[in-house]
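Structure file target.pdb (PDB, C-alpha atoms, pLDDT in the B column) follows.
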ATOM      1  CA  MET A   1       7.699 -86.390  24.608  1.00 48.00           C
ATOM      2  CA  VAL A   2       8.805 -85.834  28.208  1.00 63.00           C
ATOM      3  CA  ALA A   3       7.416 -82.285  28.250  1.00 55.00           C
ATOM      4  CA  HIS A   4       3.862 -83.672  28.171  1.00 56.00           C
ATOM      5  CA  ARG A   5       4.543 -85.560  31.426  1.00 84.00           C
ATOM      6  CA  LEU A   6       5.722 -82.400  33.179  1.00 91.00           C
ATOM      7  CA  ASP A   7       3.121 -80.189  34.740  1.00 93.00           C
ATOM      8  CA  GLU A   8       3.202 -76.417  34.590  1.00 93.00           C
ATOM      9  CA  ILE A   9       4.989 -76.126  37.942  1.00 96.00           C
ATOM     10  CA  ASP A  10       7.777 -78.493  36.826  1.00 96.00           C
ATOM     11  CA  ARG A  11       8.231 -76.494  33.636  1.00 94.00           C
ATOM     12  CA  LYS A  12       8.339 -73.236  35.631  1.00 96.00           C
ATOM     13  CA  ILE A  13      10.952 -74.734  37.954  1.00 97.00           C
ATOM     14  CA  LEU A  14      13.092 -75.748  34.983  1.00 96.00           C
ATOM     15  CA  ALA A  15      12.736 -72.326  33.347  1.00 95.00           C
ATOM     16  CA  GLU A  16      13.614 -70.473  36.553  1.00 96.00           C
ATOM     17  CA  LEU A  17      16.636 -72.657  37.312  1.00 96.00           C
ATOM     18  CA  GLN A  18      17.831 -72.387  33.721  1.00 94.00           C
ATOM     19  CA  ALA A  19      17.768 -68.594  34.077  1.00 93.00           C
ATOM     20  CA  ASP A  20      19.345 -68.574  37.549  1.00 93.00           C
ATOM     21  CA  GLY A  21      20.675 -71.820  38.969  1.00 94.00           C
ATOM     22  CA  ARG A  22      21.992 -70.094  42.097  1.00 94.00           C
ATOM     23  CA  MET A  23      18.682 -69.035  43.601  1.00 96.00           C
ATOM     24  CA  THR A  24      17.656 -70.568  46.894  1.00 96.00           C
ATOM     25  CA  ASN A  25      14.917 -73.152  47.091  1.00 97.00           C
ATOM     26  CA  VAL A  26      12.801 -70.645  49.042  1.00 97.00           C
ATOM     27  CA  GLU A  27      13.129 -68.061  46.246  1.00 97.00           C
ATOM     28  CA  LEU A  28      12.415 -70.696  43.595  1.00 97.00           C
ATOM     29  CA  ALA A  29       9.318 -71.860  45.450  1.00 98.00           C
ATOM     30  CA  LYS A  30       8.065 -68.269  45.678  1.00 97.00           C
ATOM     31  CA  ARG A  31       8.614 -67.712  41.941  1.00 97.00           C
ATOM     32  CA  VAL A  32       6.734 -70.860  40.915  1.00 97.00           C
ATOM     33  CA  GLY A  33       3.945 -70.423  43.472  1.00 97.00           C
ATOM     34  CA  ILE A  34       4.420 -73.366  45.832  1.00 98.00           C
ATOM     35  CA  SER A  35       5.940 -73.872  49.280  1.00 97.00           C
ATOM     36  CA  ALA A  36       9.596 -74.781  49.739  1.00 97.00           C
ATOM     37  CA  PRO A  37       9.369 -78.491  50.749  1.00 97.00           C
ATOM     38  CA  PRO A  38       7.397 -79.670  47.687  1.00 97.00           C
ATOM     39  CA  CYS A  39       9.547 -77.431  45.499  1.00 98.00           C
ATOM     40  CA  LEU A  40      12.691 -79.162  46.724  1.00 97.00           C
ATOM     41  CA  ARG A  41      11.097 -82.576  46.159  1.00 97.00           C
ATOM     42  CA  ARG A  42      10.234 -81.565  42.605  1.00 97.00           C
ATOM     43  CA  VAL A  43      13.758 -80.271  41.934  1.00 97.00           C
ATOM     44  CA  ARG A  44      15.246 -83.525  43.217  1.00 97.00           C
ATOM     45  CA  ALA A  45      12.823 -85.536  41.050  1.00 96.00           C
ATOM     46  CA  LEU A  46      13.796 -83.448  38.004  1.00 96.00           C
ATOM     47  CA  GLU A  47      17.460 -84.090  38.800  1.00 96.00           C
ATOM     48  CA  ASP A  48      16.843 -87.834  39.264  1.00 95.00           C
ATOM     49  CA  ALA A  49      14.977 -87.955  35.942  1.00 94.00           C
ATOM     50  CA  GLY A  50      17.965 -86.387  34.181  1.00 94.00           C
ATOM     51  CA  LEU A  51      16.107 -83.207  33.208  1.00 95.00           C
ATOM     52  CA  ILE A  52      18.500 -81.154  35.341  1.00 96.00           C
ATOM     53  CA  ARG A  53      22.013 -82.335  34.554  1.00 94.00           C
ATOM     54  CA  GLY A  54      23.953 -79.879  36.700  1.00 93.00           C
ATOM     55  CA  TYR A  55      24.522 -76.336  37.851  1.00 93.00           C
ATOM     56  CA  HIS A  56      27.349 -74.300  36.349  1.00 89.00           C
ATOM     57  CA  ALA A  57      28.950 -70.909  36.603  1.00 89.00           C
ATOM     58  CA  GLU A  58      29.251 -69.046  33.315  1.00 89.00           C
ATOM     59  CA  VAL A  59      32.880 -67.968  33.255  1.00 92.00           C
ATOM     60  CA  ASN A  60      34.335 -65.276  31.027  1.00 93.00           C
ATOM     61  CA  ALA A  61      36.847 -67.142  28.856  1.00 93.00           C
ATOM     62  CA  ARG A  62      38.516 -63.981  27.544  1.00 92.00           C
ATOM     63  CA  GLU A  63      38.996 -62.552  31.025  1.00 95.00           C
ATOM     64  CA  LEU A  64      40.622 -65.851  32.009  1.00 96.00           C
ATOM     65  CA  GLY A  65      43.100 -65.581  29.149  1.00 96.00           C
ATOM     66  CA  PHE A  66      41.391 -67.763  26.537  1.00 97.00           C
ATOM     67  CA  GLU A  67      41.461 -65.249  23.702  1.00 96.00           C
ATOM     68  CA  VAL A  68      40.809 -67.676  20.848  1.00 97.00           C
ATOM     69  CA  GLN A  69      37.610 -69.536  20.042  1.00 97.00           C
ATOM     70  CA  VAL A  70      37.511 -71.775  16.990  1.00 98.00           C
ATOM     71  CA  PHE A  71      34.945 -74.031  15.369  1.00 98.00           C
ATOM     72  CA  ALA A  72      36.545 -77.045  13.715  1.00 98.00           C
ATOM     73  CA  MET A  73      34.611 -79.083  11.150  1.00 98.00           C
ATOM     74  CA  VAL A  74      36.043 -82.595  11.102  1.00 98.00           C
ATOM     75  CA  GLY A  75      35.582 -85.194   8.379  1.00 98.00           C
ATOM     76  CA  LEU A  76      36.390 -88.818   9.120  1.00 98.00           C
ATOM     77  CA  GLU A  77      37.571 -91.489   6.699  1.00 97.00           C
ATOM     78  CA  SER A  78      35.145 -94.053   8.147  1.00 97.00           C
ATOM     79  CA  GLN A  79      31.773 -93.495   9.782  1.00 96.00           C
ATOM     80  CA  ALA A  80      31.537 -96.981  11.280  1.00 97.00           C
ATOM     81  CA  GLU A  81      30.109 -96.785  14.795  1.00 98.00           C
ATOM     82  CA  VAL A  82      33.326 -97.999  16.381  1.00 97.00           C
ATOM     83  CA  GLU A  83      35.239 -95.195  14.625  1.00 97.00           C
ATOM     84  CA  LEU A  84      32.673 -92.546  15.580  1.00 98.00           C
ATOM     85  CA  SER A  85      32.782 -93.651  19.217  1.00 98.00           C
ATOM     86  CA  ALA A  86      36.579 -93.663  19.211  1.00 98.00           C
ATOM     87  CA  PHE A  87      36.678 -90.091  17.891  1.00 98.00           C
ATOM     88  CA  GLU A  88      34.113 -88.925  20.464  1.00 98.00           C
ATOM     89  CA  ALA A  89      36.157 -90.531  23.255  1.00 98.00           C
ATOM     90  CA  ARG A  90      39.265 -88.771  21.982  1.00 98.00           C
ATOM     91  CA  CYS A  91      37.456 -85.418  21.956  1.00 98.00           C
ATOM     92  CA  ARG A  92      36.466 -85.896  25.603  1.00 98.00           C
ATOM     93  CA  GLU A  93      40.198 -86.187  26.447  1.00 98.00           C
ATOM     94  CA  TRP A  94      41.201 -82.872  24.828  1.00 98.00           C
ATOM     95  CA  PRO A  95      40.873 -79.907  27.215  1.00 98.00           C
ATOM     96  CA  LEU A  96      40.713 -77.332  24.408  1.00 98.00           C
ATOM     97  CA  VAL A  97      37.626 -79.039  22.915  1.00 98.00           C
ATOM     98  CA  ARG A  98      34.679 -77.699  24.884  1.00 98.00           C
ATOM     99  CA  GLU A  99      31.890 -79.126  22.719  1.00 97.00           C
ATOM    100  CA  CYS A 100      31.730 -81.983  20.245  1.00 98.00           C
ATOM    101  CA  HIS A 101      28.695 -82.588  18.029  1.00 98.00           C
ATOM    102  CA  MET A 102      28.221 -85.305  15.420  1.00 98.00           C
ATOM    103  CA  LEU A 103      26.498 -83.833  12.374  1.00 98.00           C
ATOM    104  CA  ASN A 104      24.594 -84.978   9.338  1.00 96.00           C
ATOM    105  CA  GLY A 105      25.859 -83.479   6.101  1.00 93.00           C
ATOM    106  CA  GLU A 106      29.202 -82.511   4.629  1.00 93.00           C
ATOM    107  CA  VAL A 107      31.189 -82.874   7.856  1.00 97.00           C
ATOM    108  CA  ASP A 108      31.029 -85.526  10.533  1.00 98.00           C
ATOM    109  CA  PHE A 109      31.781 -83.471  13.650  1.00 98.00           C
ATOM    110  CA  MET A 110      31.727 -79.849  14.764  1.00 98.00           C
ATOM    111  CA  LEU A 111      34.102 -79.017  17.601  1.00 98.00           C
ATOM    112  CA  LYS A 112      34.011 -75.842  19.635  1.00 98.00           C
ATOM    113  CA  CYS A 113      37.517 -75.131  20.879  1.00 98.00           C
ATOM    114  CA  VAL A 114      39.062 -72.465  23.094  1.00 98.00           C
ATOM    115  CA  ALA A 115      42.741 -71.635  23.458  1.00 98.00           C
ATOM    116  CA  PRO A 116      44.856 -68.941  25.081  1.00 98.00           C
ATOM    117  CA  ASP A 117      46.250 -67.856  21.710  1.00 97.00           C
ATOM    118  CA  LEU A 118      46.510 -68.874  18.063  1.00 97.00           C
ATOM    119  CA  SER A 119      49.813 -70.676  18.487  1.00 98.00           C
ATOM    120  CA  SER A 120      48.322 -72.863  21.231  1.00 98.00           C
ATOM    121  CA  PHE A 121      45.389 -73.743  19.008  1.00 98.00           C
ATOM    122  CA  GLN A 122      47.715 -74.412  16.066  1.00 98.00           C
ATOM    123  CA  SER A 123      49.770 -76.767  18.239  1.00 98.00           C
ATOM    124  CA  PHE A 124      46.614 -78.653  19.184  1.00 98.00           C
ATOM    125  CA  LEU A 125      45.460 -78.718  15.581  1.00 98.00           C
ATOM    126  CA  THR A 126      48.688 -79.982  14.056  1.00 98.00           C
ATOM    127  CA  GLY A 127      49.933 -82.081  16.945  1.00 98.00           C
ATOM    128  CA  GLN A 128      46.730 -83.769  18.054  1.00 98.00           C
ATOM    129  CA  LEU A 129      43.606 -83.270  15.956  1.00 98.00           C
ATOM    130  CA  LEU A 130      45.141 -83.717  12.510  1.00 98.00           C
ATOM    131  CA  THR A 131      47.213 -86.718  13.636  1.00 97.00           C
ATOM    132  CA  THR A 132      44.241 -88.564  15.141  1.00 98.00           C
ATOM    133  CA  PRO A 133      43.529 -91.889  13.437  1.00 96.00           C
ATOM    134  CA  ASN A 134      40.595 -91.780  10.992  1.00 97.00           C
ATOM    135  CA  VAL A 135      40.607 -87.959  10.651  1.00 98.00           C
ATOM    136  CA  ALA A 136      40.451 -87.208   6.930  1.00 98.00           C
ATOM    137  CA  SER A 137      39.931 -83.440   6.954  1.00 98.00           C
ATOM    138  CA  VAL A 138      39.644 -80.465   9.271  1.00 98.00           C
ATOM    139  CA  LYS A 139      38.347 -77.028   8.366  1.00 98.00           C
ATOM    140  CA  THR A 140      38.535 -74.308  10.999  1.00 98.00           C
ATOM    141  CA  SER A 141      36.774 -71.002  11.493  1.00 98.00           C
ATOM    142  CA  LEU A 142      38.029 -68.453  13.993  1.00 98.00           C
ATOM    143  CA  VAL A 143      35.290 -66.698  15.967  1.00 97.00           C
ATOM    144  CA  ILE A 144      35.515 -62.928  15.589  1.00 96.00           C
ATOM    145  CA  ARG A 145      32.742 -62.201  18.087  1.00 94.00           C
ATOM    146  CA  GLY A 146      29.645 -63.843  19.503  1.00 93.00           C
ATOM    147  CA  ALA A 147      26.215 -62.316  19.077  1.00 95.00           C
ATOM    148  CA  LYS A 148      24.200 -64.794  21.180  1.00 94.00           C
ATOM    149  CA  ASP A 149      24.991 -67.572  23.605  1.00 90.00           C
ATOM    150  CA  GLU A 150      21.848 -68.828  25.335  1.00 89.00           C
ATOM    151  CA  PRO A 151      22.033 -72.082  27.243  1.00 86.00           C
ATOM    152  CA  GLY A 152      19.230 -74.606  27.500  1.00 89.00           C
ATOM    153  CA  VAL A 153      15.898 -74.453  25.725  1.00 91.00           C
ATOM    154  CA  PRO A 154      13.340 -71.686  25.017  1.00 92.00           C
ATOM    155  CA  PHE A 155      10.597 -72.489  27.537  1.00 89.00           C
ATOM    156  CA  ASP A 156       8.225 -69.923  26.033  1.00 88.00           C
ATOM    157  CA  VAL A 157       8.282 -71.922  22.772  1.00 89.00           C
ATOM    158  CA  LEU A 158       7.626 -75.120  24.713  1.00 85.00           C
ATOM    159  CA  GLU A 159       4.664 -73.575  26.542  1.00 85.00           C
ATOM    160  CA  GLU A 160       3.216 -72.267  23.272  1.00 86.00           C
ATOM    161  CA  ARG A 161       3.569 -75.690  21.654  1.00 85.00           C
ATOM    162  CA  LEU A 162       1.955 -77.430  24.620  1.00 84.00           C
ATOM    163  CA  SER A 163      -0.944 -74.975  24.651  1.00 82.00           C
ATOM    164  CA  ARG A 164      -1.680 -75.784  20.980  1.00 83.00           C
ATOM    165  CA  THR A 165      -1.755 -79.534  21.646  1.00 79.00           C
ATOM    166  CA  ALA A 166      -3.906 -79.287  24.798  1.00 67.00           C
TER     167      ALA A 166
END

Can you dump the structure from the file as structure tokens?
Amino acid sequence: MVAHRLDEIDRKILAELQADGRMTNVELAKRVGISAPPCLRRVRALEDAGLIRGYHAEVNARELGFEVQVFAMVGLESQAEVELSAFEARCREWPLVRECHMLNGEVDFMLKCVAPDLSSFQSFLTGQLLTTPNVASVKTSLVIRGAKDEPGVPFDVLEERLSRTA
């Protein structure tokens, strides 16, 4: 597990940046208890190792006119790797699909979609998703409201787990 190779300072850096990716390196260094130059070296090493994949603004979809959020559960006719990869590639091309997860169980994929309105989503559904080769079934659920949307991982759980194994 990669977490065992990270020291406490690295884990603090990750937790702080996950909570606020816009803070300056000087502020980050102060929060994790080291000086700025080694802090920046650590951040760059975490980026190079793929533990930090990017920095993003959290935009308000509704305020930007995307009133509809839908989860689509997709079943495929074939689960051969070539077919799974083809479907994943197709999902990456669709702007309304914001997340695509392959699942184990009754459905093959869960898609998180956003659209300006229901008719736009319906057009995507009937004109693109349902007509995609190998798609056998699609069940959709319209989001009424969200109760929690936390990015990343719970670092307090990670620290507790590491303290039990130390």

Legend entry - Selected residue, from A:Pro116, A:Arg31, A:Val135, A:Glu58, that lies nearest to A:Lys12 when counting all atoms listed in the file: A:Arg31

Legend entry - Proximity to A:Ser137 - best of A:Asp117, A:Glu77, A:Glu88, A:Glu83, all atoms listed in the file: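 Checking each candidate against A:Ser137, we get A:Glu77 as the closest.
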
Legend entry - For atom CA of A:Ile52 and atom CA of A:Lys148, the interatomic separation in Å (one decimal):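 So the two atoms, atom CA of A:Ile52 and atom CA of A:Lys148, lie 22.4 Å apart.
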
Legend entry - Two-atom distance - atom CA of A:Leu142, atom CA of A:Val68 (Å):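 So the two atoms, atom CA of A:Leu142 and atom CA of A:Val68, lie 7.4 Å apart.
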
Legend entry - Answer key for the PyMOL selection byres ((chain A and resi 143) around 8), residues as a list in words: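 Selected by the PyMOL selection byres ((chain A and resi 143) around 8) here: Val68, Gln69, Val70, Phe71, Ser141, Leu142, Ile144, Arg145 and Gly146 of chain A.
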
Legend entry - Best match for closeness to A:Leu40 among A:Leu96, A:Val26, A:Arg53, A:Glu67, counting only C-alpha atoms: A:Val26

Legend entry - Point (44.1, -88.2, 15.4), cut-off 12 Å, counting all atoms listed in the file, residues as a ChimeraX atom specification: /A:74-77,83,86-91,93-94,124-138

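Minimum atom-to-atom distance to A:Ala19, evaluated using all atoms listed in the file, belongs to A:Ala57 out of A:Ala57, A:Val97, A:Leu46, A:Leu51.
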
Inset, instruction - Name the residues that the PyMOL selection byres ((chain A and resi 25) around 9) pulls out of this structure, and write them as JSON, numbers by chain. - result: {"A": [23, 24, 26, 27, 28, 29, 30, 36, 37, 39, 40, 43]}

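For the residues A:Asp48, A:Glu63, A:Glu16, A:Glu106, ranking by smallest atom-to-atom distance to A:Asp156 using only C-alpha atoms places A:Glu16 first.
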
Inset, instruction - Could you tell me how far atom CA of A:Arg42 lies from atom CA of A:Asp10, in Å and to one decimal? - result: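 Interatomic distance here is 7.0 Å.
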
Edge lengths and centre, in Å to one decimal, as AutoDock Vina command-line options: that's what I need for the box along x, y and z that holds all listed atoms of stretch 35-43 of chain A plus 4 Å on each side.
--center_x 9.8 --center_y -78.2 --center_z 46.3 --size_x 15.8 --size_y 16.7 --size_z 16.8

Inset, instruction - Could you tell me which of A:Ser85, A:Phe66, A:Ile13, A:Gly152 comes closest to A:Leu118 if we count only C-alpha atoms? - result: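 Selected residue with least distance to A:Leu118: A:Phe66.
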